[in-house]
Structure formats: C-alpha cells, structure tokens
Amino acid sequence: KDGRGTLVMSSGSQNVAGQNLLRLVSRASSLVSELLRLSANVPPVFVNPTALDQWYDLIIFDFRYFVNQDLYETKIEDNTDLFSKDAQFKEHHASILQRFYNLFEGMYKYVKDLQRYIADVDDGVYIQVTMESLLQDEEGRQLMCESLYLYCVMLLLMDHLIEGPVRERLIVSHLRNKGHKDLPLLDEVCKLCKTTGFSRNALKRPNNYPEEFFARFPFPSNAVNMVISRLRTDDVYNHIRSYPLPEHRSVALSKQASMLYLILYLQPRVLHSEFAVMREIVDKHFPDNWITTTYLGFTVDLVVEWDRYKAARAAIANTVAPQNVQALTCYWDKIADIHKELQAFLNEGVLTEEFILENTQKLLNCARNCNVTLRWLLLHTTTKVKKIAEIVNSKGNTDRILMLLLDAAQFEFVFKKILTNLLEQKNQRWEDHRRDASERMKELGEFFSGQKELTRVKPNKPLEKWFHGISNQINSLDYNDSVAAGRKIQQLVQALEEVEQFHQIETSLQVKQFLLDTRDLLSKMLRVCNITQRVLDVIVIVSDLSYAWEILKNSEYVVLLQEHIKKEPTVVLKLRSLLEKLSSILNLPVVRIEQAQSQDIRSVSEYYSNELVTFARDVLVVIPKTVFLNLDKVIDLQTRVMVELPTKMEKDKAKDLAQLQHRMTLAKATHGISTFTEGILAMKETVFGVIQVYPKELLEDGIRHELVNRLSIALHRTLQFSVPPKMDELQARLKQLSDTLDGYCRSFQYIQDYIRMQGLKIWQDEFMRIINYNVEQECNSFLQISDFESQYQSRQIPIPNFPRTDKTSINFVGRLGRELLAHTDYRKTLYVDAVGAWYDAATNRELVTNDTFDSLLKGVSVFGLNGLDKFYCFMIVKLHRDLLRVLEDKAHQKALNAVLEKFQSAMHPPSKCVGNLKEYEQFVATLKSFWPRLLETVCECGQLQLIRKHIANTLYLSCKSESTLLACTLDVFNKSLLKDIQAHYKDPQHMPYPDPSSPLLPELSKYLEAAGISNPFLKIYVTTQPLLYFAEFMFLFLLSQIDKFSYSPLLGTLVWTRKDKNPHDLTAFCVGILTLLKQFHFDHTQRFIAYVAQYIRSVIFACRDNKLAEYPPSAVALSLFLVQFIKYGDIPRKVIEGYIPPMIFDIYQNALV
C-alpha cells in the first residue's frame, strides 16, 4: 500500500470526501508545526511586559482592552513620548504579530472547516458516504481519528506553549496595529484564544480543564462517540501484526491510545461516569502503562490527569497498584539480556547480508523486545507520583537506559541499512542466483553427456536429460510470483538432495560440489524472495522513537551523552544512529502533508529536520567545550609561560630557550584537542530528515559556538567601567582585552592544523559578527530589528545577550562608546587640532590622544573600531532627526519662517554692508528659545564627528602599514570612480552613471570605511525636506554663541571664555555646524559663509567709521571660526575670498599678534 487508502483512491464522491478530509488533516499538521515554531519565538515583551521596561505595560494590553478601548487609546495619544514609543513598538513587531495572528486564525478556520465537513457527511452532501462508511474504510477511519486528535493537540499545545495572557496581548497588539476592518474573524479568534486560567507553573490546573477549552467549538456527539468506539475496539493502524506477541499489544496500540486519551475530553461524560467503558479502554490500551504521549514526546501521567474523573480514576487504579508496578519493573531486569544480545549482533562481521537473510525473524524479535523495554523505561521514569516513582526507579538509572538506547539505535541503523540495500538489489540478486544455478545444472547435463573434453565419465542420457530439465525449471522461476516460486524452489532443493543417492553421482566429488553450490544458490533465492518491503516496514514501526523526543531533548539524557563523549569520543558514531532513530518525529506530521501534495511539505520538513540538527548540536557542544578547556592551557603557555625563540642566540642558552618541559605540556594539550575532534570527523555525511549534515560542519559550528560564547563573555566582562570615568581604567581595560583576544587568536592559529579548520578565518568571521550584532542591538532604538530578524544572529551559533550593567547602554559597544565620549566631553575638554588630542579644560591635562585610539585598535581590533564608528554614526543620525523634527514642526516652522524671512530681506543682498549692527542682536534675541537645545546638539554632533575622524585615521594608518597594496588599490579605485561620476555630470549623455542595481558602490563603500578612506565631516547622514531659511537660522545661531569664545595665544585657537560657567569646545562647535549644513544643499553653506563675511565686513566699516583702534572680539572670533570652518569642510579658500578680501585675514592675524 502506498499510503493512500481505498477511500482516498476511490472514484466519485468518495474520492472527494477522502481528499477533503486528507487536506484538512494536512492543514492541521502544518498548523501544529507552525505553532511549535512560533512558540519558541514569542517576543519576551509579551510574556512579561514590565520585566523589560515599565512603559510597555502602558501600550500592551490583554482582552480587558475591549472593555474601554477609547480610554486606553486616549491615554497613549495624550502622552507625546508614549505615543512615539507606541508607534515604534507597532512598527517593530508588525511582522511577528501578523504571523501569530495568522496562526490563531488558521486554527479557527480549521475547526470551522472540520465542523462543516462532519455536517456535510451527516447531511449526505457526499453521495454514498456516511459517518459509518467513513469509519469502516481503513484510511477514512485513520483520517477521521487524526482530524479530531489534531484539533485537541493544537489547542492543548497552544495553551501549554503560548499561555492565555500572552495570546491575548499578541492579538490585541495586532488589532491595534491593523484595525477592526482588516480582521473580520477577530471575535471568533478571540473566543478560541482567550485565556483558560491554565499555567505551566501553577500547582493546580483549572476546574473542568481541558474539556471546557475543547468545548468552545463543539463537535457532534454522535461523530465523537463513533470515533471513540473505533479507537476502543479496532486496530486503527494495523500495528498489531508488527507486534505478534500478546505482551506487546499495548505498545502496538500506543499511537491510537494517545489519540483516545485526548478525544475522550470531547466526551467528558465517559471519563466521569462510564465505568465499564473506561475499564475496557484501560484493559486494552493501558494494562501495563500509565504514561502516554500527546504529541511528539509531550507526556502525560494518567494517574494525575484522570484523578478528577471517577470512572477514569477507578479504571487506572489497577494498573498503578503497587504490586502491579513492582511486577512491571522487570523491564529493568531485561536490560542486561537485551544488551548482551545486541552486543553479540554488533560485533564486527556479524551483521552481514547472509546473516540477516538467515536470521530475519530473530533480529526482528530482538528489535521488538529492545524497543518495548526502552519505551516503558523512557516514559515511566518521568512519572510524577512520588510513591510510584520510587518503585519504578528502584532498580536502575537513566545511564543504563541511555546505553541500551545507543546500542539499539546502532543495531537498527545497521540492520535497516543492509535491509534497504537488499531490497534495492533484490531483483538483481534473484536474477544472478537463478542464472548461476541454471548454468551449473546445464554444465552437469553436459558433463553426463560424455562429450565434454577432459572428462572421463560414461554417458548417462537420463541424468543428462534430468539436469537439463532442472536447468529449464530454474530458468522458469518467476520473481513476481514469489509464493509459487518459493514452493518450486523447495521442491527443486529436495530433488537435488535425492539425486545425490545415485551411485554415479555419489562417487564424484566434483558433481556433489556442483549440487551443493546449486542448492545453496536456490536457498539464497528463497531467502531473497522472503525479504519484502513488509520487513522494512516492521522495523520502521518498531523502532519509532518520536514518543521520547521531548524527554531526550530537555532532560538529563543530553548531559549523560556529553559525559560519555568526554570519556570516549567514539561514542559520537552511535549518536548518528540515535539521530536516525529520532528522525521518526517526521513521520506523524509529514506523511499526511505529502499525501495531500501540500506546498507546506518543505517548510514542515525543514522545521523538524532543523530540530534534529539542533539536538545534535546541543549534544556535540561538549566537544568544542572540551577543546577550549585544552585551548586555555595552550593560551596560558603561549602568552604567559613560553618565550619566543630569538633570531640569534648564544649556544650555552640553547637548552634553556628550548623550554622542553613546556613544549611537552603544549604537545599533550594539542594531542587532547585532536583526539576529541577525531570522533566527530570519523562520522559520515548523514541526512536528518531533509537536511544533509556534514560532520566537519557540525564540529566547525560547535567550535564557532564556543568561540562566540567566550569572546562575548570576555568583551562583556572586560568592558565595564566605573563612575565617574577614569582614563587610566580605560587604558587598563583595553590592555587586558587586547591580551585576552590576542591569546585566543594566536592559539586558534596554532591548533587549526590539528583540527583541520581555518582557525584565523573562523576567528575573524565570528568576531566581526559579534561586533556587528552588538552594534545593531545597541542602536535598536531606531533600527527596530528583532533578535530573530537580525542578519548577524544565528540559531545554530547564537550570540548571547547579557543583562544591562547601566541604564544607558545595552551592551559593551554602548559602554565603550559612551566611555570614550565621557573622556572627550565637549563641556569638560578642549580639542587641540595641532596635536590631535583632547585636554582637560580645567587642568590642561592630556586625556585622549592618538595613542588611545591605537589602544582601542589593539583591544577591539579593526572590527571593533568599525563597530564603534557605526555606533557613532547612528548617534549622529538620531541627533539630526530629533533636531529636524523640531524644525519641521508646523508650529515652529511658521514662527521661524516669519523671523528668518524678515532677516533675509534686511540683509539682502549679502554683498552689502549693514549699517546698524544692532539689527543682528534683535534677530538673535527673537530666536533665543532655540539656541540652548541647538547648542547641545551641534556640540555633541561635532564631538562625535571628531572621534569618527580619529577612528578613520587610525584605520587608514593600520591598513597602510598592514596591507599597503590594499590601501593603495582602494584609494586609486575610489578616486577613479569619483572621476567617472564627475564626468557623468559634465556629460550625462555620453558618460553613464554606474548601474543602481550594481553592488559596486555599496560594496566599495564598505571597504573604504573599513580601511578608513573616508572623511566623516563630509558625510550626509539624513535625507531632509528643504528648509528655506536654514542658512539664515544657522548664522544667527553662530552669532548668538560667538561672543562666548575668545582667542588663546597659548593654543593659537578660540576657547570658551573663563567667565562662562558652561564651557563648550569650539572645534566640536565648528564641526557640528559644518555637519548640519552638509545635510542640505551646498547653497545653504554658501549663503551661511556669505552672511558671516557680510557681518565681518560690516564690523570693519563700523570700526572705521567710529575710528576704533581694535576690532571687536566677535569679528575676530568669526574670522578665526571661518578659517577652521573651511579647513574642516574641505572648502577652497577662493570661496571665502569671493566674499572677504584676503587682506582682511592678514589684518586680523596682525591684530591677534
């Protein structure tokens, strides 16, 4: 049978009824897999909103939201900050909320479609198909049971994995994001998903649970009763023939017993009051077991679950009576005998094709006994009742179960592999054996003809004719008619035994050997004929381990496996067999999806296959952990103990410098590393479900996983700083981090040949991923990327997240970036461009220099500096967006435009000199409310830009010294590309612009930023709407602050005057203004310069008219500011000379001298 029953394969209305039911079951299987997938990705904010931040509780609601929606929405809208956070929250979680709602809606649609299907069957919509005929058909019976069973499964799993309050928050959040109009089935979905009061952590479950939960959308009692009756009395899946022994009956019926357990909740009356029915159910399905599974290893203890139901409790009482439980512990005693039998089969050279052909039934019986024992022990050692648990666990421990499981998996793996090979070659083997046997009989016939050369035998016509006849009979054997062929082979073997009694044959050893070989070939044909697909089907059914999936995945068995691998790395080879055995978890959900030819087959198969691979990774993580324990010794030896050999040495010191003892210790540690990797590298390529796994990749992923953990921990623990910030501490932390990372890097390069991996590449890949991920998470306030959506996060090699150590930073990137900002604070420091360093404004002590950035490079490498650079970029973007949001506000914009338009008219044209300088003061005073916030924004932006410039210089110097060829190539390529772009704008028709779809520009940009070939001062960080009077606004702002600066002859630059209690750094101030102007068209910068020049000229004329001996400090400061402005902005001096004559700068310089 190919998996399709008579109902599904029949024609007419029966086919329609069967196909519709099959599609329903297929949908249910897909929904369950999606439920399992999403339950592992519930955003933590919906599980416990207040645990992450108090304000989440103000925007995340459960179903109480429906009582007074307007009240909740008004509270959010009235709070501007809360409204902004709510908008970000909606945008951030829109996609994941959509998936959860689609799941809940899909579950509701499945329930309604199943109810409609049952109603259609009862109403006679499908001609000649009734519920009775449906349940009489083998495939229809299975599908009908599965449809109700999967309904119960999806509701129960939903309530266990996504608890009621979480579901309500998810639905309400999605509603607030989408609106009622886009959710027509909202009321029904809410009815299905509203909280039941159940909680995994609660000691007591709610009354009438889960029957009331299942009854939210009830099914016809008649249909449910008929399904229960079939599950009670029939062998729905025909598994009893795979378990012929009567003591194995409960195992044979275990699959439908799980279904029956859940479907009984659809008719709780049976559990409460039908004592005879419950006794029948227990006697047939639970006579020797009281732990059953609901779905893929989710176990239930019937003693606990049925305690509230009189009939069920009375029925199960006999099974769990102490004397019966004590008798059932005999399964512990069977372990030794079964283990001994398995070891005998697993000895090298025993399980061969010949042995399997001759002992098929014996091997099948061994597999049955082994799996029945394993099932009972794996399930019942999880019992929750203390008294029963003491009896069950009194004779053994989980280690014995694990060793039996590993040997059983290895035995079944070899057995199935050889069986599969025999089945694939069955026809060919049959033909080969038949041909050989026929030719031997033909040769004997020719032998007795007396005409064959080199034979001295008298002709014997009867024997000659008889052997030719046997040869023809052998040739006539039909492979397809195995029954007739088998009887015929037995007759032929008997005839060949009898013919040996003839005197002429009995005296010829050669003829007897021919006859013996022929009988042997015929016997092989008979055994080959007996090997059918049914044998393989039996071993597949018997070896099913899906019932223990959750037990093995989330328990001490993983730890035990790891302990065994530590002791003996070759145990990894048995792990492959265990995973093959566990691949049975694919059978239940995938079979119906495949039969229905659903498009979900790929995603469902990939999900369960990935679960298998994840389990393998969880177990095998012990290997990289052990490798890294040995690697710690290597690191200690290479960084702290051993001294590098000098290029030249004195002969007398050769022995001391050889460091023989240390090298022996190093060799032992290296050998230990290579030994632990041998086991996994000895595994062959394996397919787990639909995913092909390469052992070397598993090992590499494990090593990457452990490396990521250790690097993350080192970065997290080392980069923590005290308050207030201390410069010495920063240097010490960077030195400590540099030594730690350098030790890992050097040791990784050392062992890469012993583990057959590219150690340096792994190091660089993972360190870059850690930095980029942490930068992304630190900047998540405006990136809005969930952890599972991050391109740098990986399920196989996850980057760990650590609790915050301060209120402002999320991880080490934020802490390091803000520590550097604290030491270069524009309110406390002074940047001196001549030496490229920050000095304490109060004490003139040197704080941050180029050496500090060299220490940063050594500590966090090129990737870390690039990460800091990105972090500062995001901070600048945020500053600009916040400022532009204020300026683009309609209320502010209207008032601003009125003042600035008036200012523009008064100063027009910029080439004129303003006679009344007090006009400037009036306009500055009018906009004084904007200046404080703008000053902080400008200076903070300038400070960030200065740090970015130093980072770029450090990266470029490193690239130039470490890879001169790369630096020169990038520089030339960048310049040539810029020239091509410039040529395009000069002649667009003949010089095309680079194709926008080409990755050339973005990829080159990444390389340039990594190599430091960029000028942060000239970057455009945000796209802006045109602001008509932005140049006028920035000029008035400059004019409002310039009086606070004075010239310092000692430093040769402007500094904040001592009288002002809130000092600010002029360089940061200048660069900040430049950066803001760069976000707009260059016309704004030109107009800004024109206004500054106009003011300077106006002051000069005013001084001349008033016959003043000295120029006002504001004019001097503006001229010096303008010099710095064009220097940092890379603006040609000719631009300024178009507004101010060169002689004026000379006059100011003379005045300063």
# chains A, B, ... in the order shown; residues from 1 in each chain; ligands from 1

call {"tool": "select_by_dssp", "arguments": {"residues": "segment 825-903 of chain A", "states": "strand (DSSP E)", "output": "list of chain:residue names"}}
result
A:Thr829, A:Leu830, A:Tyr831, A:Val832, A:Ala837, A:Trp838, A:Tyr839, A:Asp840, A:Glu846, A:Leu847, A:Val848

call {"tool": "write_last_selection", "arguments": {"atoms": "all heavy atoms", "output": "mmCIF file, in the first residue's frame"}}
result
data_model
loop_
_atom_site.group_PDB
_atom_site.id
_atom_site.type_symbol
_atom_site.label_atom_id
_atom_site.label_comp_id
_atom_site.auth_asym_id
_atom_site.auth_seq_id
_atom_site.Cartn_x
_atom_site.Cartn_y
_atom_site.Cartn_z
ATOM 1 N N THR A 829 36.280 69.228 28.093
ATOM 2 C CA THR A 829 37.570 69.067 27.416
ATOM 3 C C THR A 829 37.732 70.109 26.322
ATOM 4 O O THR A 829 36.769 70.767 25.906
ATOM 5 C CB THR A 829 37.697 67.669 26.792
ATOM 6 O OG1 THR A 829 36.686 67.515 25.788
ATOM 7 C CG2 THR A 829 37.561 66.592 27.840
ATOM 8 N N LEU A 830 38.956 70.193 25.850
ATOM 9 C CA LEU A 830 39.310 71.112 24.774
ATOM 10 C C LEU A 830 40.087 70.320 23.739
ATOM 11 O O LEU A 830 41.074 69.655 24.063
ATOM 12 C CB LEU A 830 40.170 72.255 25.313
ATOM 13 C CG LEU A 830 40.576 73.336 24.306
ATOM 14 C CD1 LEU A 830 39.359 74.123 23.851
ATOM 15 C CD2 LEU A 830 41.604 74.261 24.939
ATOM 16 N N TYR A 831 39.608 70.358 22.505
ATOM 17 C CA TYR A 831 40.302 69.634 21.434
ATOM 18 C C TYR A 831 41.308 70.552 20.767
ATOM 19 O O TYR A 831 40.957 71.650 20.311
ATOM 20 C CB TYR A 831 39.306 69.118 20.393
ATOM 21 C CG TYR A 831 39.961 68.344 19.274
ATOM 22 C CD1 TYR A 831 40.377 67.037 19.472
ATOM 23 C CD2 TYR A 831 40.176 68.927 18.020
ATOM 24 C CE1 TYR A 831 40.976 66.311 18.448
ATOM 25 C CE2 TYR A 831 40.767 68.218 17.001
ATOM 26 C CZ TYR A 831 41.176 66.909 17.216
ATOM 27 O OH TYR A 831 41.783 66.201 16.213
ATOM 28 N N VAL A 832 42.566 70.109 20.720
ATOM 29 C CA VAL A 832 43.631 70.880 20.078
ATOM 30 C C VAL A 832 43.990 70.173 18.781
ATOM 31 O O VAL A 832 44.561 69.068 18.800
ATOM 32 C CB VAL A 832 44.866 70.992 20.997
ATOM 33 C CG1 VAL A 832 45.956 71.814 20.312
ATOM 34 C CG2 VAL A 832 44.468 71.630 22.328
ATOM 35 N N ALA A 837 44.519 65.939 19.959
ATOM 36 C CA ALA A 837 44.276 65.381 21.290
ATOM 37 C C ALA A 837 43.271 66.229 22.047
ATOM 38 O O ALA A 837 43.058 67.408 21.745
ATOM 39 C CB ALA A 837 45.581 65.295 22.071
ATOM 40 N N TRP A 838 42.640 65.580 23.061
ATOM 41 C CA TRP A 838 41.704 66.265 23.947
ATOM 42 C C TRP A 838 42.405 66.536 25.277
ATOM 43 O O TRP A 838 43.091 65.655 25.836
ATOM 44 C CB TRP A 838 40.472 65.409 24.210
ATOM 45 C CG TRP A 838 39.455 65.407 23.111
ATOM 46 C CD1 TRP A 838 38.356 66.192 23.018
ATOM 47 C CD2 TRP A 838 39.432 64.555 21.955
ATOM 48 N NE1 TRP A 838 37.635 65.903 21.873
ATOM 49 C CE2 TRP A 838 38.269 64.892 21.198
ATOM 50 C CE3 TRP A 838 40.279 63.557 21.463
ATOM 51 C CZ2 TRP A 838 37.940 64.255 20.004
ATOM 52 C CZ3 TRP A 838 39.958 62.925 20.274
ATOM 53 C CH2 TRP A 838 38.795 63.282 19.560
ATOM 54 N N TYR A 839 42.211 67.771 25.780
ATOM 55 C CA TYR A 839 42.820 68.161 27.056
ATOM 56 C C TYR A 839 41.711 68.550 28.028
ATOM 57 O O TYR A 839 40.661 69.048 27.625
ATOM 58 C CB TYR A 839 43.781 69.335 26.856
ATOM 59 C CG TYR A 839 45.055 68.966 26.138
ATOM 60 C CD1 TYR A 839 45.094 68.884 24.743
ATOM 61 C CD2 TYR A 839 46.219 68.690 26.855
ATOM 62 C CE1 TYR A 839 46.255 68.539 24.080
ATOM 63 C CE2 TYR A 839 47.391 68.336 26.200
ATOM 64 C CZ TYR A 839 47.403 68.259 24.808
ATOM 65 O OH TYR A 839 48.562 67.908 24.164
ATOM 66 N N ASP A 840 41.992 68.315 29.298
ATOM 67 C CA ASP A 840 41.060 68.731 30.346
ATOM 68 C C ASP A 840 41.006 70.257 30.361
ATOM 69 O O ASP A 840 42.032 70.930 30.513
ATOM 70 C CB ASP A 840 41.520 68.194 31.697
ATOM 71 C CG ASP A 840 40.456 68.386 32.772
ATOM 72 O OD1 ASP A 840 39.959 69.521 32.916
ATOM 73 O OD2 ASP A 840 40.127 67.404 33.449
ATOM 74 N N GLU A 846 46.454 66.151 29.547
ATOM 75 C CA GLU A 846 46.167 65.392 28.327
ATOM 76 C C GLU A 846 45.277 64.186 28.666
ATOM 77 O O GLU A 846 45.589 63.409 29.564
ATOM 78 C CB GLU A 846 47.478 64.924 27.693
ATOM 79 C CG GLU A 846 47.312 64.344 26.310
ATOM 80 C CD GLU A 846 48.645 63.935 25.714
ATOM 81 O OE1 GLU A 846 49.269 62.999 26.276
ATOM 82 O OE2 GLU A 846 49.079 64.554 24.731
ATOM 83 N N LEU A 847 44.177 64.016 27.897
ATOM 84 C CA LEU A 847 43.245 62.920 28.180
ATOM 85 C C LEU A 847 43.256 61.860 27.083
ATOM 86 O O LEU A 847 43.654 60.726 27.303
ATOM 87 C CB LEU A 847 41.823 63.481 28.356
ATOM 88 C CG LEU A 847 41.597 64.394 29.577
ATOM 89 C CD1 LEU A 847 40.182 64.949 29.557
ATOM 90 C CD2 LEU A 847 41.846 63.618 30.861
ATOM 91 N N VAL A 848 42.792 62.235 25.911
ATOM 92 C CA VAL A 848 42.664 61.275 24.810
ATOM 93 C C VAL A 848 43.552 61.736 23.658
ATOM 94 O O VAL A 848 43.432 62.870 23.186
ATOM 95 C CB VAL A 848 41.194 61.160 24.338
ATOM 96 C CG1 VAL A 848 41.089 60.226 23.143
ATOM 97 C CG2 VAL A 848 40.313 60.675 25.476
#

call {"tool": "residues_around", "arguments": {"residues": "Tyr1021 of chain A", "least_positions_apart": "4", "cutoff": "10 Å", "atoms": "only C-alpha atoms", "output": "VMD selection string"}}
result
chain A and resid 873 to 874 876 to 878 880 to 881 1016 1075 to 1076 1078 to 1079

call {"tool": "write_last_selection", "arguments": {"atoms": "N, CA, C and O atoms", "output": "tab-separated table (two decimals), in the first residue's frame"}}
result
chain	number	residue	atom	x	y	z
A	873	CYS	N	27.82	56.80	14.16
A	873	CYS	CA	27.01	57.23	13.02
A	873	CYS	C	25.53	57.25	13.39
A	873	CYS	O	24.80	58.21	13.10
A	874	PHE	N	25.07	56.17	14.03
A	874	PHE	CA	23.67	56.10	14.43
A	874	PHE	C	23.33	57.19	15.44
A	874	PHE	O	22.22	57.74	15.43
A	876	ILE	N	24.70	60.15	15.59
A	876	ILE	CA	24.61	61.40	14.82
A	876	ILE	C	23.29	61.48	14.08
A	876	ILE	O	22.63	62.53	14.04
A	877	VAL	N	22.89	60.35	13.49
A	877	VAL	CA	21.61	60.31	12.78
A	877	VAL	C	20.47	60.66	13.72
A	877	VAL	O	19.57	61.43	13.38
A	878	LYS	N	20.50	60.09	14.92
A	878	LYS	CA	19.44	60.35	15.89
A	878	LYS	C	19.41	61.84	16.28
A	878	LYS	O	18.34	62.45	16.39
A	880	HIS	N	20.38	64.39	14.50
A	880	HIS	CA	19.86	65.16	13.37
A	880	HIS	C	18.35	65.00	13.24
A	880	HIS	O	17.63	65.97	12.99
A	881	ARG	N	17.89	63.77	13.40
A	881	ARG	CA	16.45	63.54	13.26
A	881	ARG	C	15.67	64.28	14.34
A	881	ARG	O	14.61	64.85	14.06
A	1016	PRO	N	34.54	61.76	7.58
A	1016	PRO	CA	33.23	61.85	8.25
A	1016	PRO	C	32.62	63.24	8.18
A	1016	PRO	O	31.40	63.37	8.19
A	1075	THR	N	28.63	69.92	9.94
A	1075	THR	CA	27.90	68.68	9.68
A	1075	THR	C	26.43	68.95	9.41
A	1075	THR	O	25.83	68.36	8.50
A	1076	LEU	N	25.84	69.84	10.19
A	1076	LEU	CA	24.43	70.16	9.97
A	1076	LEU	C	24.20	70.77	8.59
A	1076	LEU	O	23.25	70.42	7.88
A	1078	LYS	N	25.96	70.29	5.99
A	1078	LYS	CA	26.23	69.29	4.96
A	1078	LYS	C	25.00	68.44	4.64
A	1078	LYS	O	24.95	67.77	3.61
A	1079	GLN	N	24.01	68.44	5.55
A	1079	GLN	CA	22.81	67.63	5.30
A	1079	GLN	C	21.86	68.31	4.32
A	1079	GLN	O	20.85	67.71	3.93

call {"tool": "residues_around", "arguments": {"residues": "Met757 of chain A", "least_positions_apart": "3", "cutoff": "12 Å", "atoms": "only C-alpha atoms", "output": "list of chain:residue names"}}
result
A:Ser674, A:Thr677, A:Leu681, A:Lys696, A:Glu697, A:Leu699, A:Glu700, A:Asp701, A:Ile703, A:Arg704, A:Phe748, A:Gln749, A:Tyr750, A:Ile751, A:Gln752, A:Asp753, A:Tyr754, A:Leu760, A:Lys761, A:Ile762, A:Trp763

call {"tool": "select_by_dssp", "arguments": {"residues": "segment 545-736 of chain A", "states": "helix (DSSP H, G or I)", "output": "PyMOL selection string"}}
result
chain A and resi 546-553+556-567+569-595+601-620+622-641+651-658+660-681+695-718+727-736

call {"tool": "residues_around", "arguments": {"residues": "Lys1044 of chain A", "least_positions_apart": "2", "cutoff": "7 Å", "atoms": "only C-alpha atoms", "output": "PyMOL selection string"}}
result
chain A and resi 1041-1042+1046+1056-1057

call {"tool": "write_last_selection", "arguments": {"atoms": "N, CA and C atoms", "output": "mmCIF file, in the first residue's frame"}}
result
data_model
loop_
_atom_site.group_PDB
_atom_site.id
_atom_site.type_symbol
_atom_site.label_atom_id
_atom_site.label_comp_id
_atom_site.auth_asym_id
_atom_site.auth_seq_id
_atom_site.Cartn_x
_atom_site.Cartn_y
_atom_site.Cartn_z
ATOM 1 N N GLN A 1041 26.368 82.668 19.724
ATOM 2 C CA GLN A 1041 27.331 81.953 20.568
ATOM 3 C C GLN A 1041 28.766 82.463 20.433
ATOM 4 N N ILE A 1042 29.057 83.207 19.381
ATOM 5 C CA ILE A 1042 30.457 83.526 19.084
ATOM 6 C C ILE A 1042 31.072 84.438 20.146
ATOM 7 N N SER A 1046 36.882 83.238 22.989
ATOM 8 C CA SER A 1046 37.957 84.240 22.905
ATOM 9 C C SER A 1046 39.234 83.543 22.444
ATOM 10 N N TRP A 1056 36.541 78.690 25.005
ATOM 11 C CA TRP A 1056 35.405 79.232 25.738
ATOM 12 C C TRP A 1056 35.919 80.196 26.811
ATOM 13 N N THR A 1057 35.259 81.320 26.935
ATOM 14 C CA THR A 1057 35.739 82.305 27.914
ATOM 15 C C THR A 1057 35.583 81.785 29.338
#

call {"tool": "closest_residue", "arguments": {"among": "A:Cys779, A:Leu183, A:Ile1100, A:Leu957", "to": "Ile1140 of chain A", "atoms": "only C-alpha atoms"}}
result
A:Ile1100

call {"tool": "residues_around", "arguments": {"residues": "Arg710 of chain A", "least_positions_apart": "6", "cutoff": "10 Å", "atoms": "only C-alpha atoms", "output": "PyMOL selection string"}}
result
chain A and resi 628+704+716+741+744+800

call {"tool": "write_last_selection", "arguments": {"atoms": "N, CA and C atoms", "output": "short mmCIF file (atom, residue, chain, number, x, y, z; two decimals), in the first residue's frame"}}
result
data_model
loop_
_atom_site.label_atom_id
_atom_site.label_comp_id
_atom_site.auth_asym_id
_atom_site.auth_seq_id
_atom_site.Cartn_x
_atom_site.Cartn_y
_atom_site.Cartn_z
N PHE A 628 38.18 23.73 24.07
CA PHE A 628 38.56 25.04 24.58
C PHE A 628 39.16 24.96 25.98
N ARG A 704 32.75 27.28 16.57
CA ARG A 704 32.33 28.68 16.42
C ARG A 704 31.41 29.09 17.58
N HIS A 716 32.10 41.37 27.34
CA HIS A 716 31.11 41.85 28.30
C HIS A 716 31.76 42.15 29.65
N LEU A 741 42.23 38.64 23.87
CA LEU A 741 41.89 38.32 22.49
C LEU A 741 43.10 37.86 21.70
N TYR A 744 43.69 34.18 22.46
CA TYR A 744 42.77 33.31 21.72
C TYR A 744 43.16 33.22 20.25
N PRO A 800 25.23 35.43 22.54
CA PRO A 800 24.50 35.60 23.80
C PRO A 800 24.21 37.06 24.11
#

call {"tool": "atom_distance", "arguments": {"atom1": "atom CA of Leu175 of chain A", "atom2": "atom CA of Arg37 of chain A"}}
result
22.2 Å

call {"tool": "atom_distance", "arguments": {"atom1": "atom CA of Asn397 of chain A", "atom2": "atom CA of Val619 of chain A"}}
result
19.7 Å

call {"tool": "closest_residue", "arguments": {"among": "A:Tyr557, A:Phe853, A:Tyr773, A:Phe345", "to": "Thr954 of chain A", "atoms": "only C-alpha atoms"}}
result
A:Phe853
